[in-house]
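J.: query-v6.csv (CSV, C-alpha atoms and all ligand atoms) pasted underneath:
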chain,number,residue,atom,x,y,z
A,1,MET,CA,-18.0,2.9,25.0
A,2,VAL,CA,-20.1,6.1,25.1
A,3,GLU,CA,-22.8,4.2,23.2
A,4,ILE,CA,-23.0,1.5,25.8
A,5,GLY,CA,-23.1,4.1,28.6
A,6,GLU,CA,-19.4,4.2,29.6
A,7,PRO,CA,-17.2,7.2,29.8
A,8,ALA,CA,-15.3,8.1,26.6
A,9,TRP,CA,-11.9,7.5,28.2
A,10,ARG,CA,-12.8,3.8,28.4
A,11,GLY,CA,-12.5,3.9,24.6
A,12,ARG,CA,-9.0,5.1,24.8
A,13,GLN,CA,-8.2,2.1,27.1
A,14,VAL,CA,-9.7,-0.3,24.6
A,15,ALA,CA,-7.7,1.3,21.7
A,16,GLU,CA,-4.4,0.9,23.7
A,17,ALA,CA,-5.2,-2.7,24.5
A,18,LEU,CA,-6.0,-3.4,20.8
A,19,TYR,CA,-3.1,-1.6,19.1
A,20,GLN,CA,-0.3,-1.4,21.7
A,21,GLN,CA,-0.7,-4.5,23.9
A,22,ARG,CA,-2.4,-6.2,21.0
A,23,VAL,CA,-4.6,-8.4,23.1
A,24,ARG,CA,-6.6,-11.1,21.4
A,25,ASP,CA,-9.6,-11.4,23.7
A,26,VAL,CA,-11.9,-9.0,25.5
A,27,SER,CA,-11.1,-10.8,28.8
A,28,GLU,CA,-7.4,-9.6,28.4
A,29,ILE,CA,-8.2,-5.9,28.5
A,30,THR,CA,-7.2,-5.7,32.1
A,31,THR,CA,-7.5,-1.9,32.2
A,32,LEU,CA,-11.3,-2.4,32.1
A,33,PRO,CA,-13.1,-3.5,35.3
A,34,LYS,CA,-13.8,-7.2,35.3
A,35,GLY,CA,-17.6,-6.6,35.3
A,36,LEU,CA,-17.3,-4.5,32.1
A,37,ARG,CA,-15.2,-7.1,30.4
A,38,GLU,CA,-17.7,-9.8,31.2
A,39,ARG,CA,-20.5,-7.6,30.0
A,40,LEU,CA,-18.8,-6.9,26.7
A,41,ALA,CA,-18.2,-10.7,26.2
A,42,ALA,CA,-21.8,-11.5,27.1
A,43,GLU,CA,-23.0,-8.9,24.6
A,44,GLY,CA,-20.9,-10.7,21.9
A,45,TRP,CA,-18.1,-8.2,21.5
A,46,GLN,CA,-15.0,-9.9,20.0
A,47,ILE,CA,-11.6,-8.9,18.9
A,48,ALA,CA,-11.5,-10.1,15.3
A,49,ARG,CA,-7.9,-9.3,14.3
A,50,PRO,CA,-6.7,-9.8,10.7
A,51,ALA,CA,-4.4,-12.8,10.7
A,52,ILE,CA,-1.8,-14.1,8.2
A,53,ALA,CA,-3.4,-17.2,6.7
A,54,ARG,CA,-0.6,-18.0,4.3
A,55,ALA,CA,2.8,-16.7,3.5
A,56,PHE,CA,4.9,-17.0,0.4
A,57,GLN,CA,8.6,-16.2,0.3
A,58,SER,CA,10.5,-14.9,-2.7
A,59,ALA,CA,14.1,-15.6,-3.5
A,60,ASP,CA,14.8,-11.9,-2.8
A,61,GLY,CA,13.4,-12.0,0.7
A,62,THR,CA,10.0,-10.4,-0.1
A,63,GLU,CA,7.1,-12.1,1.5
A,64,ARG,CA,3.5,-12.1,0.2
A,65,TYR,CA,0.7,-12.8,2.7
A,66,LEU,CA,-2.9,-13.8,2.4
A,67,VAL,CA,-4.4,-12.0,5.3
A,68,GLN,CA,-7.8,-13.2,6.5
A,69,CYS,CA,-9.6,-10.1,7.7
A,70,SER,CA,-12.0,-11.7,10.1
A,71,PRO,CA,-12.3,-15.2,11.6
A,72,ASP,CA,-15.9,-15.5,10.3
A,73,ASP,CA,-15.1,-14.6,6.7
A,74,PRO,CA,-12.8,-16.8,4.5
A,75,LEU,CA,-12.1,-13.8,2.2
A,76,THR,CA,-8.4,-12.9,2.2
A,77,VAL,CA,-6.5,-9.8,1.1
A,78,GLU,CA,-2.8,-9.5,0.1
A,79,THR,CA,-0.1,-7.7,2.0
A,80,VAL,CA,3.6,-7.6,1.1
A,81,TRP,CA,6.7,-7.3,3.2
A,82,MET,CA,9.9,-6.1,1.5
A,83,PRO,CA,13.1,-6.2,3.6
A,84,GLU,CA,15.9,-4.1,2.1
A,85,GLY,CA,19.5,-5.4,2.3
A,86,ASP,CA,21.4,-6.1,5.5
A,87,GLY,CA,23.4,-2.9,5.4
A,88,GLY,CA,26.6,-4.8,5.9
A,89,GLU,CA,26.0,-5.2,9.6
A,90,ALA,CA,25.3,-8.9,9.5
A,91,GLY,CA,27.8,-10.9,11.6
A,92,ASP,CA,29.5,-7.9,13.1
A,93,GLY,CA,28.2,-8.8,16.6
A,94,SER,CA,26.0,-5.8,16.9
A,95,GLU,CA,22.5,-6.0,18.2
A,96,GLU,CA,21.2,-5.3,14.8
A,97,ALA,CA,22.9,-8.3,13.4
A,98,ALA,CA,20.2,-10.5,14.9
A,99,LYS,CA,17.8,-9.1,12.4
A,100,GLU,CA,17.9,-9.9,8.8
A,101,TRP,CA,16.7,-6.5,7.8
A,102,ARG,CA,17.4,-2.9,8.7
A,103,ARG,CA,14.7,-1.2,6.8
A,104,ALA,CA,11.6,-2.6,5.4
A,105,THR,CA,8.5,-1.6,3.5
A,106,ILE,CA,5.0,-3.0,3.9
A,107,CYS,CA,2.7,-2.8,1.0
A,108,VAL,CA,-0.9,-2.5,2.2
A,109,SER,CA,-4.2,-3.2,0.4
A,110,SER,CA,-7.2,-0.9,0.7
A,111,GLN,CA,-9.9,-3.0,-1.1
A,112,VAL,CA,-10.4,-6.6,-2.1
A,113,GLY,CA,-10.0,-6.3,-5.9
A,114,CYS,CA,-10.4,-3.0,-7.7
A,115,ALA,CA,-13.0,-1.4,-9.9
A,116,VAL,CA,-10.7,0.9,-11.8
A,117,ASN,CA,-9.9,-1.6,-14.5
A,118,CYS,CA,-6.4,-0.5,-15.6
A,119,GLN,CA,-5.6,-2.8,-18.5
A,120,PHE,CA,-2.1,-3.8,-17.4
A,121,CYS,CA,-3.0,-4.7,-13.8
A,122,LEU,CA,-3.8,-8.2,-12.5
A,123,THR,CA,-5.8,-6.9,-9.5
A,124,ALA,CA,-8.3,-5.3,-12.0
A,125,LYS,CA,-9.2,-8.9,-13.2
A,126,LEU,CA,-10.9,-9.5,-9.8
A,127,GLY,CA,-13.3,-6.5,-10.1
A,128,LEU,CA,-14.2,-4.9,-6.8
A,129,GLN,CA,-15.1,-7.6,-4.3
A,130,ARG,CA,-15.5,-5.3,-1.3
A,131,ASN,CA,-14.1,-2.3,0.6
A,132,LEU,CA,-11.9,-3.0,3.6
A,133,THR,CA,-12.8,-1.3,6.9
A,134,ALA,CA,-10.3,1.0,8.6
A,135,GLY,CA,-9.5,-1.8,11.1
A,136,GLU,CA,-8.9,-4.3,8.3
A,137,ILE,CA,-6.5,-2.0,6.6
A,138,ALA,CA,-4.6,-1.1,9.8
A,139,GLY,CA,-4.8,-4.7,10.9
A,140,GLN,CA,-2.8,-5.9,7.9
A,141,VAL,CA,0.0,-3.7,9.1
A,142,VAL,CA,-0.2,-4.9,12.7
A,143,ALA,CA,-0.2,-8.5,11.6
A,144,VAL,CA,3.0,-8.0,9.7
A,145,LEU,CA,4.7,-5.9,12.4
A,146,GLU,CA,4.1,-8.8,14.8
A,147,ARG,CA,5.4,-11.4,12.4
A,148,HIS,CA,8.7,-9.6,12.1
A,149,ALA,CA,8.9,-8.4,15.7
A,150,VAL,CA,9.2,-4.8,14.5
A,151,ARG,CA,9.9,-2.3,17.2
A,152,VAL,CA,7.8,0.7,16.3
A,153,GLY,CA,9.8,3.9,16.8
A,154,ARG,CA,13.2,2.1,16.6
A,155,ASP,CA,13.1,0.0,13.4
A,156,ARG,CA,12.7,1.8,10.1
A,157,VAL,CA,9.5,0.7,8.5
A,158,ASN,CA,7.8,2.4,5.5
A,159,LEU,CA,4.2,1.9,4.5
A,160,VAL,CA,3.0,2.1,0.9
A,161,PHE,CA,-0.8,2.0,0.3
A,162,MET,CA,-0.1,0.4,-3.1
A,163,GLY,CA,-1.5,-3.1,-2.7
A,164,MET,CA,-4.9,-4.2,-4.0
A,165,GLY,CA,-7.5,-1.6,-4.6
A,166,GLU,CA,-7.8,2.1,-5.1
A,167,PRO,CA,-7.4,3.9,-1.7
A,168,PHE,CA,-9.3,7.0,-2.9
A,169,LEU,CA,-12.4,5.0,-3.8
A,170,ASN,CA,-12.5,3.8,-0.2
A,171,TYR,CA,-11.4,7.2,1.2
A,172,ASP,CA,-13.0,7.2,4.7
A,173,ASN,CA,-11.7,3.8,5.6
A,174,PHE,CA,-8.3,4.4,4.1
A,175,MET,CA,-7.9,7.7,6.1
A,176,GLY,CA,-9.4,6.0,9.1
A,177,ALA,CA,-6.6,3.4,8.9
A,178,VAL,CA,-4.0,6.1,8.6
A,179,ARG,CA,-5.3,7.8,11.8
A,180,LEU,CA,-5.2,4.4,13.6
A,181,LEU,CA,-1.7,3.7,12.4
A,182,VAL,CA,-0.4,7.2,13.4
A,183,ARG,CA,-2.3,7.7,16.7
A,184,GLU,CA,-2.6,4.1,18.0
A,185,VAL,CA,0.3,2.2,16.5
A,186,GLY,CA,2.7,5.1,16.5
A,187,LEU,CA,3.9,5.1,12.9
A,188,SER,CA,4.8,8.4,11.2
A,189,PRO,CA,2.7,9.6,8.2
A,190,GLN,CA,5.9,10.9,6.7
A,191,ARG,CA,6.9,7.3,6.2
A,192,MET,CA,3.7,6.4,4.4
A,193,THR,CA,2.9,6.9,0.7
A,194,VAL,CA,-0.5,6.5,-0.9
A,195,SER,CA,-0.8,5.8,-4.6
A,196,THR,CA,-3.9,6.8,-6.6
A,197,SER,CA,-4.9,6.2,-10.2
A,198,GLY,CA,-6.1,9.8,-10.2
A,199,ILE,CA,-9.5,10.0,-8.4
A,200,VAL,CA,-9.9,13.7,-8.4
A,201,PRO,CA,-12.5,14.1,-5.6
A,202,GLY,CA,-10.3,11.9,-3.4
A,203,ILE,CA,-7.2,14.0,-4.1
A,204,GLU,CA,-9.3,17.1,-3.2
A,205,ARG,CA,-10.3,15.7,0.1
A,206,PHE,CA,-6.7,14.6,0.7
A,207,ALA,CA,-5.6,18.2,0.2
A,208,GLN,CA,-7.7,19.1,3.3
A,209,GLU,CA,-6.1,16.6,5.6
A,210,PRO,CA,-3.9,18.0,8.4
A,211,PRO,CA,-0.2,17.6,7.5
A,212,ASP,CA,0.5,15.6,10.7
A,213,LEU,CA,-1.9,12.9,9.5
A,214,ARG,CA,-1.3,12.9,5.8
A,215,PRO,CA,0.8,10.3,4.0
A,216,LYS,CA,2.9,11.4,0.9
A,217,LEU,CA,1.1,11.3,-2.4
A,218,ALA,CA,2.0,9.2,-5.5
A,219,ILE,CA,0.0,9.5,-8.8
A,220,SER,CA,-0.1,6.6,-11.3
A,221,LEU,CA,0.6,8.6,-14.4
A,222,ASN,CA,1.7,5.6,-16.5
A,223,ALA,CA,1.4,7.4,-19.9
A,224,PRO,CA,2.8,10.4,-21.6
A,225,ASN,CA,-0.5,11.9,-22.8
A,226,ASP,CA,-4.3,11.5,-22.4
A,227,GLN,CA,-4.7,9.5,-25.6
A,228,ILE,CA,-2.5,6.6,-24.5
A,229,ARG,CA,-3.5,7.0,-20.8
A,230,ALA,CA,-7.2,6.6,-21.7
A,231,GLU,CA,-6.5,3.4,-23.5
A,232,LEU,CA,-4.6,1.9,-20.6
A,233,MET,CA,-6.6,3.5,-17.8
A,234,PRO,CA,-10.3,4.0,-18.6
A,235,ILE,CA,-10.5,6.3,-15.5
A,236,ASN,CA,-8.7,8.9,-17.6
A,237,ARG,CA,-11.9,9.6,-19.6
A,238,LYS,CA,-13.5,10.8,-16.4
A,239,TRP,CA,-10.5,12.6,-14.9
A,240,PRO,CA,-7.8,13.4,-17.6
A,241,ILE,CA,-4.2,14.3,-16.7
A,242,ALA,CA,-4.8,18.1,-16.4
A,243,ALA,CA,-7.7,17.6,-13.9
A,244,VAL,CA,-5.5,15.3,-11.8
A,245,ILE,CA,-2.6,17.8,-11.8
A,246,GLU,CA,-5.0,20.6,-10.9
A,247,ALA,CA,-6.2,18.7,-7.9
A,248,VAL,CA,-2.7,17.7,-6.8
A,249,ARG,CA,-1.7,21.4,-6.9
A,250,ARG,CA,-4.1,22.0,-4.0
A,251,VAL,CA,-2.2,19.6,-1.7
A,252,PRO,CA,-0.1,21.8,0.6
A,253,LEU,CA,3.3,20.1,0.6
A,254,ARG,CA,5.6,19.8,3.7
A,255,PRO,CA,9.1,21.1,3.5
A,256,ARG,CA,11.2,19.0,1.0
A,257,GLU,CA,8.1,16.9,0.2
A,258,ARG,CA,7.7,15.9,-3.4
A,259,ILE,CA,4.9,14.4,-5.4
A,260,THR,CA,5.8,11.0,-7.0
A,261,PHE,CA,4.6,10.2,-10.5
A,262,GLU,CA,4.6,6.4,-11.0
A,263,TYR,CA,5.2,5.4,-14.6
A,264,VAL,CA,4.7,1.7,-15.7
A,265,LEU,CA,6.9,1.0,-18.7
A,266,LEU,CA,4.9,-1.3,-21.1
A,267,GLY,CA,7.1,-2.7,-23.8
A,268,GLY,CA,6.4,-0.9,-27.1
A,269,VAL,CA,3.5,1.0,-25.6
A,270,THR,CA,4.8,3.6,-23.1
A,271,ASP,CA,8.6,3.0,-23.2
A,272,ARG,CA,9.7,4.8,-26.4
A,273,PRO,CA,12.2,7.7,-26.5
A,274,GLU,CA,9.5,10.2,-27.6
A,275,HIS,CA,7.4,9.2,-24.6
A,276,ALA,CA,10.2,10.0,-22.3
A,277,SER,CA,10.5,13.6,-23.7
A,278,GLU,CA,6.8,14.0,-23.4
A,279,VAL,CA,6.8,12.8,-19.8
A,280,ALA,CA,9.7,15.2,-19.0
A,281,ARG,CA,7.7,18.2,-20.5
A,282,LEU,CA,4.5,17.2,-18.7
A,283,VAL,CA,6.2,16.9,-15.3
A,284,ARG,CA,8.1,20.1,-15.8
A,285,ARG,CA,4.9,22.0,-16.8
A,286,THR,CA,3.2,21.0,-13.6
A,287,GLY,CA,5.7,23.2,-11.8
A,288,LEU,CA,5.3,20.8,-8.8
A,289,PRO,CA,8.3,19.5,-6.8
A,290,ALA,CA,8.1,16.0,-8.3
A,291,LYS,CA,10.0,12.8,-9.0
A,292,VAL,CA,9.3,10.0,-11.3
A,293,ASN,CA,9.3,6.3,-10.3
A,294,LEU,CA,9.7,4.1,-13.2
A,295,ILE,CA,8.3,0.6,-12.9
A,296,ALA,CA,9.0,-2.1,-15.5
A,297,TRP,CA,5.7,-3.8,-16.2
A,298,ASN,CA,5.3,-7.1,-14.3
A,299,PRO,CA,3.6,-9.9,-16.2
A,300,GLY,CA,0.6,-11.8,-15.1
A,301,PRO,CA,-1.7,-14.5,-16.7
A,302,GLY,CA,-4.3,-13.1,-19.0
A,303,VAL,CA,-2.7,-9.6,-19.3
A,304,GLU,CA,-1.4,-9.1,-22.8
A,305,TYR,CA,1.5,-6.7,-22.6
A,306,ALA,CA,5.2,-7.1,-22.9
A,307,THR,CA,7.9,-6.4,-20.4
A,308,PRO,CA,10.1,-3.5,-21.6
A,309,LYS,CA,13.6,-4.4,-22.8
A,310,PRO,CA,16.3,-3.5,-20.2
A,311,GLU,CA,17.9,-1.1,-22.8
A,312,ALA,CA,14.6,0.7,-23.2
A,313,VAL,CA,14.2,1.1,-19.4
A,314,GLU,CA,17.7,2.5,-19.1
A,315,ALA,CA,17.3,4.8,-22.0
A,316,PHE,CA,14.0,6.1,-20.6
A,317,ARG,CA,15.6,6.7,-17.2
A,318,GLN,CA,18.5,8.5,-18.8
A,319,ALA,CA,16.3,10.7,-20.9
A,320,LEU,CA,14.4,11.9,-17.9
A,321,ALA,CA,17.5,12.4,-15.9
A,322,GLY,CA,19.0,14.3,-18.8
A,323,GLU,CA,16.1,16.6,-18.7
A,324,GLY,CA,16.7,17.3,-15.0
A,325,ILE,CA,13.8,15.2,-13.7
A,326,PRO,CA,14.6,13.3,-10.5
A,327,VAL,CA,14.0,9.7,-11.6
A,328,TYR,CA,14.2,6.3,-9.8
A,329,LEU,CA,13.8,2.8,-11.1
A,330,ARG,CA,11.7,0.7,-8.8
A,331,GLN,CA,13.2,-2.7,-8.6
A,332,PRO,CA,10.7,-5.5,-9.0
A,333,ARG,CA,10.3,-7.3,-5.7
A,334,GLY,CA,8.9,-10.8,-5.3
A,335,ARG,CA,8.0,-11.3,-9.0
A,336,ASP,CA,8.6,-15.0,-8.5
A,337,ILE,CA,5.8,-15.2,-6.0
A,338,PHE,CA,3.4,-12.8,-7.7
A,339,ALA,CA,4.1,-10.1,-5.1
A,340,ALA,CA,5.3,-7.4,-7.4
A,341,CYS,CA,3.4,-4.2,-8.5
A,342,GLY,CA,0.2,-5.1,-10.3
A,343,GLN,CA,0.5,-8.9,-9.5
A,344,LEU,CA,-1.7,-9.1,-6.5
A,345,LYS,CA,-4.7,-11.2,-7.3
A,346,ARG,CA,-4.8,-14.8,-6.2
A,347,THR,CA,-6.4,-13.9,-3.0
A,348,VAL,CA,-9.9,-15.0,-2.7
A,349,ALA,CA,-10.5,-18.3,-0.8
A,350,GLY,CA,-10.6,-21.1,-3.3
A,351,TRP,CA,-9.0,-19.0,-6.0
A,352,GLY,CA,-6.9,-22.0,-7.1
A,353,PRO,CA,-3.7,-23.7,-6.0
A,354,PRO,CA,-0.5,-21.8,-5.7
A,355,THR,CA,1.9,-22.3,-8.6
A,356,SER,CA,5.1,-24.2,-8.3
A,357,GLN,CA,6.8,-20.8,-8.0
A,358,ASP,CA,5.1,-20.2,-4.7
A,359,ARG,CA,7.2,-21.3,-1.8
A,360,ASP,CA,4.7,-21.7,1.0
A,361,VAL,CA,6.5,-20.8,4.2
A,362,GLY,CA,3.6,-20.8,6.6
A,363,GLY,CA,0.2,-22.4,6.4
A,364,PRO,CA,-2.8,-21.8,8.5
A,365,ALA,CA,-1.0,-23.4,11.5
A,366,SER,CA,1.0,-20.1,11.8
A,367,VAL,CA,-2.2,-18.2,12.4
A,368,ALA,CA,-2.9,-19.8,15.7
A,369,THR,CA,-0.1,-18.1,17.6
A,401,LIG,N1,-4.7,1.6,-7.2
A,401,LIG,C1,-3.6,2.4,-6.8
A,401,LIG,C2,-2.5,1.8,-6.0
A,401,LIG,C3,-2.2,0.3,-6.3
A,401,LIG,S1,-1.3,0.0,-7.7
A,401,LIG,C4,-2.9,2.9,-8.1
A,401,LIG,O1,-3.2,2.4,-9.2
A,401,LIG,O2,-2.1,3.9,-8.0
A,401,LIG,C5,0.4,0.5,-7.4
A,401,LIG,C6,1.2,0.8,-8.7
A,401,LIG,O3,1.4,-0.4,-9.4
A,401,LIG,C7,0.5,1.7,-9.6
A,401,LIG,O4,1.3,2.8,-10.0
A,401,LIG,C8,0.2,0.9,-10.9
A,401,LIG,O5,0.2,1.7,-12.0
A,401,LIG,C9,1.3,-0.1,-10.8
A,401,LIG,N2,1.0,-1.3,-11.6
A,401,LIG,C10,-0.2,-1.9,-11.8
A,401,LIG,N3,-0.1,-3.1,-12.5
A,401,LIG,C11,1.3,-3.2,-12.7
A,401,LIG,C12,2.1,-4.2,-13.4
A,401,LIG,N4,1.5,-5.3,-14.0
A,401,LIG,N5,3.4,-4.0,-13.5
A,401,LIG,C13,4.0,-2.9,-12.9
A,401,LIG,N6,3.3,-2.0,-12.2
A,401,LIG,C14,1.9,-2.1,-12.2
A,402,LIG,FE1,-6.8,-0.6,-9.5
A,402,LIG,FE2,-4.4,0.5,-9.2
A,402,LIG,FE3,-4.7,-1.9,-10.5
A,402,LIG,FE4,-5.5,0.4,-11.6
A,402,LIG,S1,-3.4,-0.1,-11.1
A,402,LIG,S2,-6.7,-1.6,-11.5
A,402,LIG,S3,-6.3,1.5,-9.8
A,402,LIG,S4,-5.1,-1.5,-8.3
Reformat the file's structure so that it appears as structure tokens.
T.:
Amino acid sequence: MVEIGEPAWRGRQVAEALYQQRVRDVSEITTLPKGLRERLAAEGWQIARPAIARAFQSADGTERYLVQCSPDDPLTVETVWMPEGDGGEAGDGSEEAAKEWRRATICVSSQVGCAVNCQFCLTAKLGLQRNLTAGEIAGQVVAVLERHAVRVGRDRVNLVFMGMGEPFLNYDNFMGAVRLLVREVGLSPQRMTVSTSGIVPGIERFAQEPPDLRPKLAISLNAPNDQIRAELMPINRKWPIAAVIEAVRRVPLRPRERITFEYVLLGGVTDRPEHASEVARLVRRTGLPAKVNLIAWNPGPGVEYATPKPEAVEAFRQALAGEGIPVYLRQPRGRDIFAACGQLKRTVAGWGPPTSQDRDVGGPASVAT
């Protein structure tokens, strides 16, 4: 607005129209004088909101979306909606019973594809197609909030920046999106978690962010030592475990905040009992308030690893718990529709037909609402 010779507070009016009233056309920004709206339209300004182009629904209620970022670009990115349980309120006549979910988590992408090339991850197969803008990252969230009629401030919604891409290799746009989601959409950064493969300069910048605008931090550890980690995650050769931990130490934590270490269990590769003891030692030595999130590896075409045996997963969990490490097992969500961790890939227009496992619950027709 300032650039086109208008007062700065007009920018605030535009932001409110975009993110709270969620208008779809410049002509609908009724807080702006009519003349200004006409001028913006004449100069070619458009509201190009990311829209859900396709939706796939899993047997467990998870939905995976192909979100088209801009009307002029067929490229889509993946976003996932994970409703959690019905909390027992269904059918009791309460207002909440109308909803099929009480809490939900939205998994958001920060890039189309990813350049980090972790060997176990399907997204890596795409390479990096492009960075998403701050608006495209925040826009995924807005599109999903609308689809599920989420009442911001009343319904419990968590965001995880764990979709496609490495958020800390698109740092400015990622943090720009966080600011939009906090300031304009009204979501709390304490209900947001960003996961990184260990991009040290990104973690160092993150440590400087004000606490009221900073999501929680998760680190994809995924291996008990540098040797195994470097084989699985080539990025470890640039920033080994000690360098990552050193950077994480600089992040000033809020009261009761903990750092999450994600650990993908690869059958026979990272799921042995000796690995569990090594991980326990490693986490303890950091001295950080931390917890470990175990993720059983999710399969994908062309990725040659094995899912861990359920007994190995349970033994690993117990070993960490036995060493006093807070440990959680992340339940795979939406595996049947390729929505689970590390499975986001089939996203680029023309990528190929959905498999028989995809239950398509909303074609392009649902976009035009
Ligand atoms: N790029 C970021 C965030 C997206 S990946 C990162 O790597 O941290 C989110 C999580 O999914 C990471 O912890 C990653 O290690 C894990 N992951 C990747 N591929 C997986 C797979 N096939 N099965 C299970 N988890 C996987
Ligand atoms: Fe990229 Fe994360 Fe997949 Fe590694 S695990 S390739 S960093 S999306």
J.: Identify which of the residues A:Asp155, A:Glu16, A:Glu84, A:Glu314 lies closest to A:Leu181, counting only C-alpha atoms when measuring atom-to-atom distances.
T.: A:Glu16
J.: In terms of the shortest atom-to-atom distance over all atoms listed in the file, which of A:Lys291, A:Arg103, A:Arg22, A:Arg147 is closest to A:Ala53?
T.: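 Checking each candidate against A:Ala53, we get A:Arg147 as the closest.
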J.: List all protein, DNA and RNA residues that have an atom no more than 8 Å from any atom of ligand LIG 402 (chain A), counting only C-alpha atoms and all ligand atoms, and report them as a PyMOL selection string.
T.: chain A and resi 113-125+162-166+195-197+220+233+342
J.: Restricted to C-alpha atoms, what would the selected residues look like written as a PDB file, in the frame of the given file?
T.:
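Dumped everything to result.pdb:
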ATOM      1  CA  GLY A 113     -10.000  -6.300  -5.900  1.00  0.00           C
ATOM      2  CA  CYS A 114     -10.400  -3.000  -7.700  1.00  0.00           C
ATOM      3  CA  ALA A 115     -13.000  -1.400  -9.900  1.00  0.00           C
ATOM      4  CA  VAL A 116     -10.700   0.900 -11.800  1.00  0.00           C
ATOM      5  CA  ASN A 117      -9.900  -1.600 -14.500  1.00  0.00           C
ATOM      6  CA  CYS A 118      -6.400  -0.500 -15.600  1.00  0.00           C
ATOM      7  CA  GLN A 119      -5.600  -2.800 -18.500  1.00  0.00           C
ATOM      8  CA  PHE A 120      -2.100  -3.800 -17.400  1.00  0.00           C
ATOM      9  CA  CYS A 121      -3.000  -4.700 -13.800  1.00  0.00           C
ATOM     10  CA  LEU A 122      -3.800  -8.200 -12.500  1.00  0.00           C
ATOM     11  CA  THR A 123      -5.800  -6.900  -9.500  1.00  0.00           C
ATOM     12  CA  ALA A 124      -8.300  -5.300 -12.000  1.00  0.00           C
ATOM     13  CA  LYS A 125      -9.200  -8.900 -13.200  1.00  0.00           C
ATOM     14  CA  MET A 162      -0.100   0.400  -3.100  1.00  0.00           C
ATOM     15  CA  GLY A 163      -1.500  -3.100  -2.700  1.00  0.00           C
ATOM     16  CA  MET A 164      -4.900  -4.200  -4.000  1.00  0.00           C
ATOM     17  CA  GLY A 165      -7.500  -1.600  -4.600  1.00  0.00           C
ATOM     18  CA  GLU A 166      -7.800   2.100  -5.100  1.00  0.00           C
ATOM     19  CA  SER A 195      -0.800   5.800  -4.600  1.00  0.00           C
ATOM     20  CA  THR A 196      -3.900   6.800  -6.600  1.00  0.00           C
ATOM     21  CA  SER A 197      -4.900   6.200 -10.200  1.00  0.00           C
ATOM     22  CA  SER A 220      -0.100   6.600 -11.300  1.00  0.00           C
ATOM     23  CA  MET A 233      -6.600   3.500 -17.800  1.00  0.00           C
ATOM     24  CA  GLY A 342       0.200  -5.100 -10.300  1.00  0.00           C
TER      25      GLY A 342
END
J.: Per residue of stretch 94-207 of chain A within 8 Å of stretch 238-260 of chain A, note the shortest atom pair and the distance in Å to one decimal, counting all atoms listed in the file, and order the rows by chain and increasing residue number, as a tab-separated table.
T.:
residue	atom	partner	partner_atom	distance
A:Gly198	CA	A:Val244	CA	5.8
A:Ile199	CA	A:Trp239	CA	7.1
A:Val200	CA	A:Val244	CA	5.8
A:Ile203	CA	A:Ala247	CA	6.1
A:Glu204	CA	A:Ala247	CA	5.9
A:Phe206	CA	A:Val251	CA	7.1
A:Ala207	CA	A:Val251	CA	4.1
J.: Restrict the selected residues to C-alpha atoms and save them as a PDB file, keeping the file's coordinate frame.
T.:
ATOM      1  CA  GLY A 198      -6.100   9.800 -10.200  1.00  0.00           C
ATOM      2  CA  ILE A 199      -9.500  10.000  -8.400  1.00  0.00           C
ATOM      3  CA  VAL A 200      -9.900  13.700  -8.400  1.00  0.00           C
ATOM      4  CA  ILE A 203      -7.200  14.000  -4.100  1.00  0.00           C
ATOM      5  CA  GLU A 204      -9.300  17.100  -3.200  1.00  0.00           C
ATOM      6  CA  PHE A 206      -6.700  14.600   0.700  1.00  0.00           C
ATOM      7  CA  ALA A 207      -5.600  18.200   0.200  1.00  0.00           C
TER       8      ALA A 207
END
J.: Set the distance at 9 Å and use only C-alpha atoms: which residues neighbour A:Val144 once local chain neighbours fewer than 3 positions away are removed? I'd like the list as a list in words.
T.: Ala51, Ile52, Tyr65, Thr79, Val80, Trp81, Ile106, Gly139, Gln140, Val141, Arg147, His148, Ala149 and Val150 of chain A
J.: Expressed in Å to a single decimal, how great is the separation between atom CA of A:Leu266 and atom CA of A:Ser109?
T.: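 Going from atom CA of A:Leu266 over to atom CA of A:Ser109 covers 23.4 Å.
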J.: Calculate how many Å separate atom CA of A:Trp101 from atom CA of A:Lys345, rounding to one decimal.
T.: 26.6 Å
J.: How many Å lie between atom CA of A:Ala41 and atom CA of A:Val26, rounded to one decimal?
T.: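 Rounded to one decimal, the two atoms are 6.6 Å apart.
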J.: Determine the nearest neighbour of A:Thr62 from the options A:Val269, A:Val292, A:Val283, A:Pro83, counting all atoms listed in the file.
T.: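 The closest residue to A:Thr62 is A:Pro83.
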J.: With a distance cut-off of 9 Å and only C-alpha atoms, select the neighbouring residues of A:Ser277, excluding the residue or stretch itself and same-chain residues fewer than 2 positions from it, and output the selection as a PyMOL selection string.
T.: chain A and resi 224+273-275+279-282+316+319-320+323
J.: Which centre and which edge lengths, in Å to one decimal, describe the axis-aligned box that holds all listed atoms of stretch 317-322 of chain A after 3 Å is added on each side, as AutoDock Vina command-line options?
T.:
--center_x 16.7 --center_y 10.5 --center_z -18.4 --size_x 10.6 --size_y 13.6 --size_z 11.0
J.: I'd like to know which of A:Pro299, A:Gly334, A:Gly11, A:Pro71 is closest to ligand LIG 401 (chain A), using all atoms listed in the file.
T.: A:Pro299
J.: From (-13.3, -13.7, 2.6), in the file's coordinates, out to 12 Å: which residues are reached, counting only C-alpha atoms? Answer as a list of chain:residue names.
T.: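 Applying the cut-off with only C-alpha atoms, one gets A:Pro50, A:Ala53, A:Leu66, A:Val67, A:Gln68, A:Cys69, A:Ser70, A:Pro71, A:Asp72, A:Asp73, A:Pro74, A:Leu75, A:Thr76, A:Val77, A:Glu78, A:Gln111, A:Val112, A:Gly113, A:Gln129, A:Arg130, A:Asn131, A:Leu132, A:Glu136, A:Thr347, A:Val348, A:Ala349, A:Gly350, A:Trp351.
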